[in-house]
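Structure below is query-v8.pdb: PDB, C-alpha atoms.
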```pdb
MODEL        1
ATOM      1  CA  MET G   1       1.445  51.994  -2.850
ATOM      2  CA  VAL G   2       4.227  51.198  -5.303
ATOM      3  CA  GLU G   3       3.948  52.992  -8.604
ATOM      4  CA  VAL G   4       5.865  51.870 -11.661
ATOM      5  CA  ASN G   5       5.686  52.908 -15.272
ATOM      6  CA  LEU G   6       4.774  49.711 -17.128
ATOM      7  CA  ILE G   7       5.908  51.214 -20.439
ATOM      8  CA  ALA G   8       9.355  51.773 -18.893
ATOM      9  CA  VAL G   9       9.326  48.204 -17.558
ATOM     10  CA  LEU G  10       8.389  46.833 -20.986
ATOM     11  CA  LEU G  11      11.105  48.892 -22.694
ATOM     12  CA  ALA G  12      13.640  47.872 -20.046
ATOM     13  CA  ALA G  13      12.747  44.215 -20.613
ATOM     14  CA  LEU G  14      13.101  44.628 -24.371
ATOM     15  CA  SER G  15      16.444  46.360 -23.861
ATOM     16  CA  THR G  16      17.853  43.219 -22.255
ATOM     17  CA  MET G  17      17.138  41.344 -25.467
ATOM     18  CA  VAL G  18      18.880  44.025 -27.529
ATOM     19  CA  VAL G  19      21.925  44.176 -25.241
ATOM     20  CA  GLY G  20      22.208  40.387 -25.167
ATOM     21  CA  SER G  21      21.812  40.002 -28.915
ATOM     22  CA  ILE G  22      24.651  42.476 -29.497
ATOM     23  CA  TRP G  23      26.903  41.292 -26.634
ATOM     24  CA  TYR G  24      26.724  37.615 -27.602
ATOM     25  CA  SER G  25      26.771  38.176 -31.375
ATOM     26  CA  PRO G  26      29.664  37.826 -33.823
ATOM     27  CA  ILE G  27      30.182  41.609 -33.647
ATOM     28  CA  GLY G  28      30.287  41.345 -29.850
ATOM     29  CA  PHE G  29      31.855  38.633 -27.739
ATOM     30  CA  TYR G  30      30.339  35.489 -29.233
ATOM     31  CA  LYS G  31      33.658  33.841 -30.140
ATOM     32  CA  GLN G  32      35.227  34.494 -26.739
ATOM     33  CA  TRP G  33      32.069  33.460 -24.871
ATOM     34  CA  ALA G  34      31.547  30.267 -26.901
ATOM     35  CA  LYS G  35      35.159  29.221 -26.391
ATOM     36  CA  LEU G  36      35.197  30.009 -22.657
ATOM     37  CA  ALA G  37      31.783  28.407 -22.035
ATOM     38  CA  ASN G  38      32.528  25.481 -24.352
ATOM     39  CA  VAL G  39      29.332  26.149 -26.324
ATOM     40  CA  LYS G  40      28.797  24.824 -29.829
ATOM     41  CA  PRO G  41      26.139  26.157 -32.225
ATOM     42  CA  ASP G  42      22.922  24.141 -31.964
ATOM     43  CA  PRO G  43      21.569  23.341 -35.448
ATOM     44  CA  THR G  44      18.181  22.466 -33.919
ATOM     45  CA  PHE G  45      17.768  25.942 -32.398
ATOM     46  CA  LYS G  46      15.074  27.197 -34.754
ATOM     47  CA  GLY G  47      11.332  27.320 -35.119
ATOM     48  CA  SER G  48       9.265  26.710 -32.015
ATOM     49  CA  LYS G  49      12.333  25.861 -29.894
ATOM     50  CA  MET G  50      13.814  29.293 -30.623
ATOM     51  CA  VAL G  51      10.498  31.102 -30.128
ATOM     52  CA  LEU G  52       9.854  29.408 -26.771
ATOM     53  CA  THR G  53      13.390  30.114 -25.580
ATOM     54  CA  TYR G  54      13.195  33.806 -26.454
ATOM     55  CA  LEU G  55       9.702  34.057 -24.974
ATOM     56  CA  ALA G  56      10.911  32.527 -21.688
ATOM     57  CA  VAL G  57      13.915  34.852 -21.629
ATOM     58  CA  PHE G  58      11.665  37.852 -22.281
ATOM     59  CA  VAL G  59       9.361  36.864 -19.411
ATOM     60  CA  ALA G  60      12.380  36.555 -17.111
ATOM     61  CA  SER G  61      13.623  39.960 -18.303
ATOM     62  CA  PHE G  62      10.199  41.520 -17.753
ATOM     63  CA  ILE G  63      10.058  40.201 -14.186
ATOM     64  CA  THR G  64      13.587  41.487 -13.528
ATOM     65  CA  ALA G  65      12.714  44.939 -14.889
ATOM     66  CA  TYR G  66       9.459  45.011 -12.906
ATOM     67  CA  ILE G  67      11.240  44.170  -9.652
ATOM     68  CA  LEU G  68      14.008  46.681 -10.422
ATOM     69  CA  ALA G  69      11.368  49.375 -10.988
ATOM     70  CA  HIS G  70       9.842  48.553  -7.591
ATOM     71  CA  ILE G  71      13.191  48.799  -5.851
ATOM     72  CA  VAL G  72      13.914  52.102  -7.617
ATOM     73  CA  PHE G  73      10.550  53.446  -6.457
ATOM     74  CA  PHE G  74      11.317  52.557  -2.812
ATOM     75  CA  THR G  75      14.851  53.914  -3.066
ATOM     76  CA  ASN G  76      13.588  57.179  -4.460
ATOM     77  CA  GLN G  77      10.902  57.470  -1.791
ATOM     78  CA  TYR G  78      13.569  57.019   0.873
ATOM     79  CA  SER G  79      16.420  59.090  -0.576
ATOM     80  CA  GLY G  80      14.602  61.848  -2.393
ATOM     81  CA  ASN G  81      17.386  62.183  -4.972
ATOM     82  CA  SER G  82      16.597  62.538  -8.634
ATOM     83  CA  TYR G  83      14.703  59.539  -9.952
ATOM     84  CA  LEU G  84      17.361  58.943 -12.612
ATOM     85  CA  LEU G  85      20.224  58.978 -10.101
ATOM     86  CA  ASP G  86      18.368  56.628  -7.780
ATOM     87  CA  ALA G  87      17.591  54.298 -10.685
ATOM     88  CA  VAL G  88      21.208  54.086 -11.838
ATOM     89  CA  LEU G  89      22.628  53.653  -8.337
ATOM     90  CA  THR G  90      19.993  51.046  -7.511
ATOM     91  CA  GLY G  91      20.747  49.183 -10.727
ATOM     92  CA  ILE G  92      24.446  49.070  -9.876
ATOM     93  CA  TRP G  93      23.818  47.832  -6.322
ATOM     94  CA  VAL G  94      21.271  45.235  -7.449
ATOM     95  CA  TRP G  95      23.681  44.032 -10.153
ATOM     96  CA  LEU G  96      26.553  43.774  -7.686
ATOM     97  CA  GLY G  97      24.664  42.124  -4.851
ATOM     98  CA  PHE G  98      22.230  39.881  -6.687
ATOM     99  CA  THR G  99      23.823  39.185 -10.049
ATOM    100  CA  ALA G 100      27.593  39.654 -10.211
ATOM    101  CA  LEU G 101      28.352  37.971  -6.919
ATOM    102  CA  ARG G 102      25.927  35.112  -7.617
ATOM    103  CA  ILE G 103      27.600  34.537 -11.014
ATOM    104  CA  PHE G 104      30.983  34.611  -9.273
ATOM    105  CA  THR G 105      29.840  32.116  -6.632
ATOM    106  CA  HIS G 106      28.428  29.638  -9.145
ATOM    107  CA  ASP G 107      31.354  29.982 -11.531
ATOM    108  CA  THR G 108      33.838  29.487  -8.687
ATOM    109  CA  PHE G 109      32.250  26.230  -7.560
ATOM    110  CA  GLU G 110      31.720  25.049 -11.138
ATOM    111  CA  GLY G 111      35.368  25.724 -11.970
ATOM    112  CA  ARG G 112      34.593  28.127 -14.783
ATOM    113  CA  ARG G 113      37.317  30.353 -16.100
ATOM    114  CA  LYS G 114      37.601  33.822 -14.581
ATOM    115  CA  GLN G 115      37.426  35.377 -18.060
ATOM    116  CA  LEU G 116      33.971  33.836 -18.543
ATOM    117  CA  THR G 117      32.839  35.157 -15.174
ATOM    118  CA  VAL G 118      34.044  38.647 -16.074
ATOM    119  CA  LEU G 119      32.477  38.472 -19.547
ATOM    120  CA  ASN G 120      29.061  37.387 -18.247
ATOM    121  CA  ALA G 121      29.085  39.712 -15.227
ATOM    122  CA  THR G 122      30.024  42.670 -17.428
ATOM    123  CA  HIS G 123      27.174  41.809 -19.783
ATOM    124  CA  GLU G 124      24.835  41.860 -16.803
ATOM    125  CA  LEU G 125      26.231  45.218 -15.650
ATOM    126  CA  ILE G 126      25.528  46.775 -19.055
ATOM    127  CA  THR G 127      22.075  45.174 -19.030
ATOM    128  CA  PHE G 128      21.258  46.580 -15.575
ATOM    129  CA  LEU G 129      22.603  50.022 -16.487
ATOM    130  CA  VAL G 130      20.459  50.196 -19.612
ATOM    131  CA  MET G 131      17.369  48.979 -17.741
ATOM    132  CA  SER G 132      18.066  51.484 -14.957
ATOM    133  CA  LEU G 133      18.483  54.347 -17.402
ATOM    134  CA  ILE G 134      15.182  53.518 -19.092
ATOM    135  CA  ILE G 135      13.354  53.210 -15.755
ATOM    136  CA  GLY G 136      15.042  56.372 -14.459
ATOM    137  CA  LEU G 137      14.278  58.410 -17.553
ATOM    138  CA  LEU G 138      10.632  57.312 -17.646
ATOM    139  CA  PRO G 139       9.250  57.769 -14.154
ATOM    140  CA  LEU G 140       5.511  57.872 -13.754
TER
ENDMDL
END
```

Could I get this structure in the form of structure tokens?
Amino acid sequence: MVEVNLIAVLLAALSTMVVGSIWYSPIGFYKQWAKLANVKPDPTFKGSKMVLTYLAVFVASFITAYILAHIVFFTNQYSGNSYLLDAVLTGIWVWLGFTALRIFTHDTFEGRRKQLTVLNATHELITFLVMSLIIGLLPL
């Protein structure tokens, strides 16, 4: 039976919101990202539209963290290394295989600039590392 710490999953999901809000903020890479992605501020992004968007993103982040915790559990059962080491290594491999390369594939076919691909993939790497650290530091 798979055992995951739901508190760790919840914190890992919340961490994605924190990382994203810093990464894509004016103190982070907002200007570069907006220019590369050709994104303009949306004056209608407030109220219920904003709440529903952030709620949907949180649900997606929770599911990602929950699945990552499952994969870490299986990895640790198989390898027997420290839970933290297995969590971090698993996070890196999951990021590379299921996130970075998928971003690269889509961006290549959509003709997006390489700088945007690197910016978004690096954001995802930091996100996965933080989630992995939380999951690894809070085993059952």

In terms of the shortest atom-to-atom distance over only C-alpha atoms, which of G:Ile71, G:Leu116, G:Val9, G:Leu129 is closest to Trp95 of chain G?
G:Leu129

I need the residue set behind the PyMOL selection byres ((chain G and resi 76) around 12) for this file; please write it as an MDAnalysis selection string.
chainID G and resid 2:4 69:75 77:90 135:136 139

Would you compute the box with edges along x, y and z of the file around segment 124-128 of chain G, including every atom the file lists for it and 6 Å extra on each side, and give its centre and edge lengths in Å to one decimal, as AutoDock Vina command-line options?
```
--center_x 23.7 --center_y 44.3 --center_z -17.3 --size_x 17.0 --size_y 16.9 --size_z 15.5
```

Using the chain letters and residue numbers of this document, give as a ChimeraX atom specification the residues selected by the PyMOL selection byres ((chain G and resi 57-66) around 12).
/G:2-21,50-56,67-73,87,91,94-95,98-99,124,127-136

So which residues touch Lys35 of chain G within 12 Å, counting only C-alpha atoms, skipping near sequence neighbours fewer than 3 positions away, as an MDAnalysis selection string?
chainID G and resid 24 29:32 38:41 112:113 115:116 119

One number please: atom CA of Val118 of chain G to atom CA of Thr105 of chain G, in Å, one decimal.
12.2 Å

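Straight-line separation from atom CA of Thr122 of chain G to atom CA of Trp23 of chain G: 9.8 Å.
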
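Atom CA of Gly97 of chain G is positioned 23.0 Å from atom CA of Trp33 of chain G.
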
Counting all atoms listed in the file, which residue out of G:Ala37, G:Lys46, G:Gly28, G:Thr108 sits closest to His123 of chain G?
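Comparing G:Ala37, G:Lys46, G:Gly28, G:Thr108 against His123 of chain G, the winner is G:Gly28.
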
Give the answer as one residue: which of G:Ser25, G:Thr44, G:Leu137, G:Leu96 has the shortest atom-to-atom distance to Ala121 of chain G, using all atoms listed in the file?
G:Leu96

Rebuild segment 70-103 of chain G so that it carries N, CA and C atoms, then output the result as a JSON list (two decimals), in the frame of the given file.
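The new file result_8.json reads:
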```json
[["chain", "number", "residue", "atom", "x", "y", "z"],
["G", 70, "HIS", "N", 10.36, 48.47, -8.97],
["G", 70, "HIS", "CA", 9.84, 48.55, -7.59],
["G", 70, "HIS", "C", 10.93, 49.01, -6.62],
["G", 71, "ILE", "N", 12.09, 48.43, -6.75],
["G", 71, "ILE", "CA", 13.19, 48.80, -5.85],
["G", 71, "ILE", "C", 13.59, 50.26, -6.07],
["G", 72, "VAL", "N", 13.60, 50.70, -7.32],
["G", 72, "VAL", "CA", 13.91, 52.10, -7.62],
["G", 72, "VAL", "C", 12.87, 53.01, -6.97],
["G", 73, "PHE", "N", 11.61, 52.64, -7.07],
["G", 73, "PHE", "CA", 10.55, 53.45, -6.46],
["G", 73, "PHE", "C", 10.80, 53.61, -4.96],
["G", 74, "PHE", "N", 11.06, 52.50, -4.26],
["G", 74, "PHE", "CA", 11.32, 52.56, -2.81],
["G", 74, "PHE", "C", 12.57, 53.37, -2.49],
["G", 75, "THR", "N", 13.61, 53.16, -3.28],
["G", 75, "THR", "CA", 14.85, 53.91, -3.07],
["G", 75, "THR", "C", 14.60, 55.40, -3.21],
["G", 76, "ASN", "N", 13.86, 55.76, -4.24],
["G", 76, "ASN", "CA", 13.59, 57.18, -4.46],
["G", 76, "ASN", "C", 12.70, 57.77, -3.37],
["G", 77, "GLN", "N", 11.75, 57.00, -2.89],
["G", 77, "GLN", "CA", 10.90, 57.47, -1.79],
["G", 77, "GLN", "C", 11.73, 57.74, -0.55],
["G", 78, "TYR", "N", 12.72, 56.90, -0.32],
["G", 78, "TYR", "CA", 13.57, 57.02, 0.87],
["G", 78, "TYR", "C", 14.60, 58.13, 0.72],
["G", 79, "SER", "N", 15.29, 58.17, -0.43],
["G", 79, "SER", "CA", 16.42, 59.09, -0.58],
["G", 79, "SER", "C", 16.01, 60.49, -1.02],
["G", 80, "GLY", "N", 15.03, 60.55, -1.89],
["G", 80, "GLY", "CA", 14.60, 61.85, -2.39],
["G", 80, "GLY", "C", 15.54, 62.45, -3.42],
["G", 81, "ASN", "N", 16.51, 61.69, -3.91],
["G", 81, "ASN", "CA", 17.39, 62.18, -4.97],
["G", 81, "ASN", "C", 16.60, 62.24, -6.27],
["G", 82, "SER", "N", 17.28, 62.57, -7.35],
["G", 82, "SER", "CA", 16.60, 62.54, -8.63],
["G", 82, "SER", "C", 16.25, 61.09, -8.94],
["G", 83, "TYR", "N", 15.15, 60.89, -9.63],
["G", 83, "TYR", "CA", 14.70, 59.54, -9.95],
["G", 83, "TYR", "C", 15.75, 58.82, -10.81],
["G", 84, "LEU", "N", 16.35, 59.54, -11.74],
["G", 84, "LEU", "CA", 17.36, 58.94, -12.61],
["G", 84, "LEU", "C", 18.58, 58.50, -11.81],
["G", 85, "LEU", "N", 19.07, 59.35, -10.93],
["G", 85, "LEU", "CA", 20.22, 58.98, -10.10],
["G", 85, "LEU", "C", 19.91, 57.77, -9.23],
["G", 86, "ASP", "N", 18.76, 57.77, -8.61],
["G", 86, "ASP", "CA", 18.37, 56.63, -7.78],
["G", 86, "ASP", "C", 18.24, 55.35, -8.61],
["G", 87, "ALA", "N", 17.73, 55.47, -9.82],
["G", 87, "ALA", "CA", 17.59, 54.30, -10.68],
["G", 87, "ALA", "C", 18.95, 53.72, -11.04],
["G", 88, "VAL", "N", 19.88, 54.57, -11.44],
["G", 88, "VAL", "CA", 21.21, 54.09, -11.84],
["G", 88, "VAL", "C", 21.95, 53.49, -10.65],
["G", 89, "LEU", "N", 21.94, 54.18, -9.52],
["G", 89, "LEU", "CA", 22.63, 53.65, -8.34],
["G", 89, "LEU", "C", 22.00, 52.34, -7.86],
["G", 90, "THR", "N", 20.69, 52.28, -7.90],
["G", 90, "THR", "CA", 19.99, 51.05, -7.51],
["G", 90, "THR", "C", 20.35, 49.92, -8.46],
["G", 91, "GLY", "N", 20.37, 50.20, -9.75],
["G", 91, "GLY", "CA", 20.75, 49.18, -10.73],
["G", 91, "GLY", "C", 22.14, 48.63, -10.49],
["G", 92, "ILE", "N", 23.07, 49.51, -10.15],
["G", 92, "ILE", "CA", 24.45, 49.07, -9.88],
["G", 92, "ILE", "C", 24.49, 48.19, -8.63],
["G", 93, "TRP", "N", 23.81, 48.62, -7.57],
["G", 93, "TRP", "CA", 23.82, 47.83, -6.32],
["G", 93, "TRP", "C", 23.11, 46.49, -6.50],
["G", 94, "VAL", "N", 22.00, 46.49, -7.21],
["G", 94, "VAL", "CA", 21.27, 45.24, -7.45],
["G", 94, "VAL", "C", 22.14, 44.30, -8.29],
["G", 95, "TRP", "N", 22.79, 44.84, -9.33],
["G", 95, "TRP", "CA", 23.68, 44.03, -10.15],
["G", 95, "TRP", "C", 24.80, 43.43, -9.29],
["G", 96, "LEU", "N", 25.44, 44.25, -8.49],
["G", 96, "LEU", "CA", 26.55, 43.77, -7.69],
["G", 96, "LEU", "C", 26.11, 42.71, -6.68],
["G", 97, "GLY", "N", 25.07, 43.01, -5.93],
["G", 97, "GLY", "CA", 24.66, 42.12, -4.85],
["G", 97, "GLY", "C", 23.91, 40.89, -5.27],
["G", 98, "PHE", "N", 23.10, 41.00, -6.33],
["G", 98, "PHE", "CA", 22.23, 39.88, -6.69],
["G", 98, "PHE", "C", 22.59, 39.21, -8.00],
["G", 99, "THR", "N", 23.47, 39.79, -8.77],
["G", 99, "THR", "CA", 23.82, 39.18, -10.05],
["G", 99, "THR", "C", 25.31, 38.86, -10.12],
["G", 100, "ALA", "N", 26.15, 39.88, -10.04],
["G", 100, "ALA", "CA", 27.59, 39.65, -10.21],
["G", 100, "ALA", "C", 28.15, 38.67, -9.19],
["G", 101, "LEU", "N", 27.80, 38.85, -7.95],
["G", 101, "LEU", "CA", 28.35, 37.97, -6.92],
["G", 101, "LEU", "C", 27.75, 36.57, -6.97],
["G", 102, "ARG", "N", 26.52, 36.44, -7.43],
["G", 102, "ARG", "CA", 25.93, 35.11, -7.62],
["G", 102, "ARG", "C", 26.60, 34.40, -8.79],
["G", 103, "ILE", "N", 26.87, 35.13, -9.88],
["G", 103, "ILE", "CA", 27.60, 34.54, -11.01],
["G", 103, "ILE", "C", 28.98, 34.08, -10.54]]
```
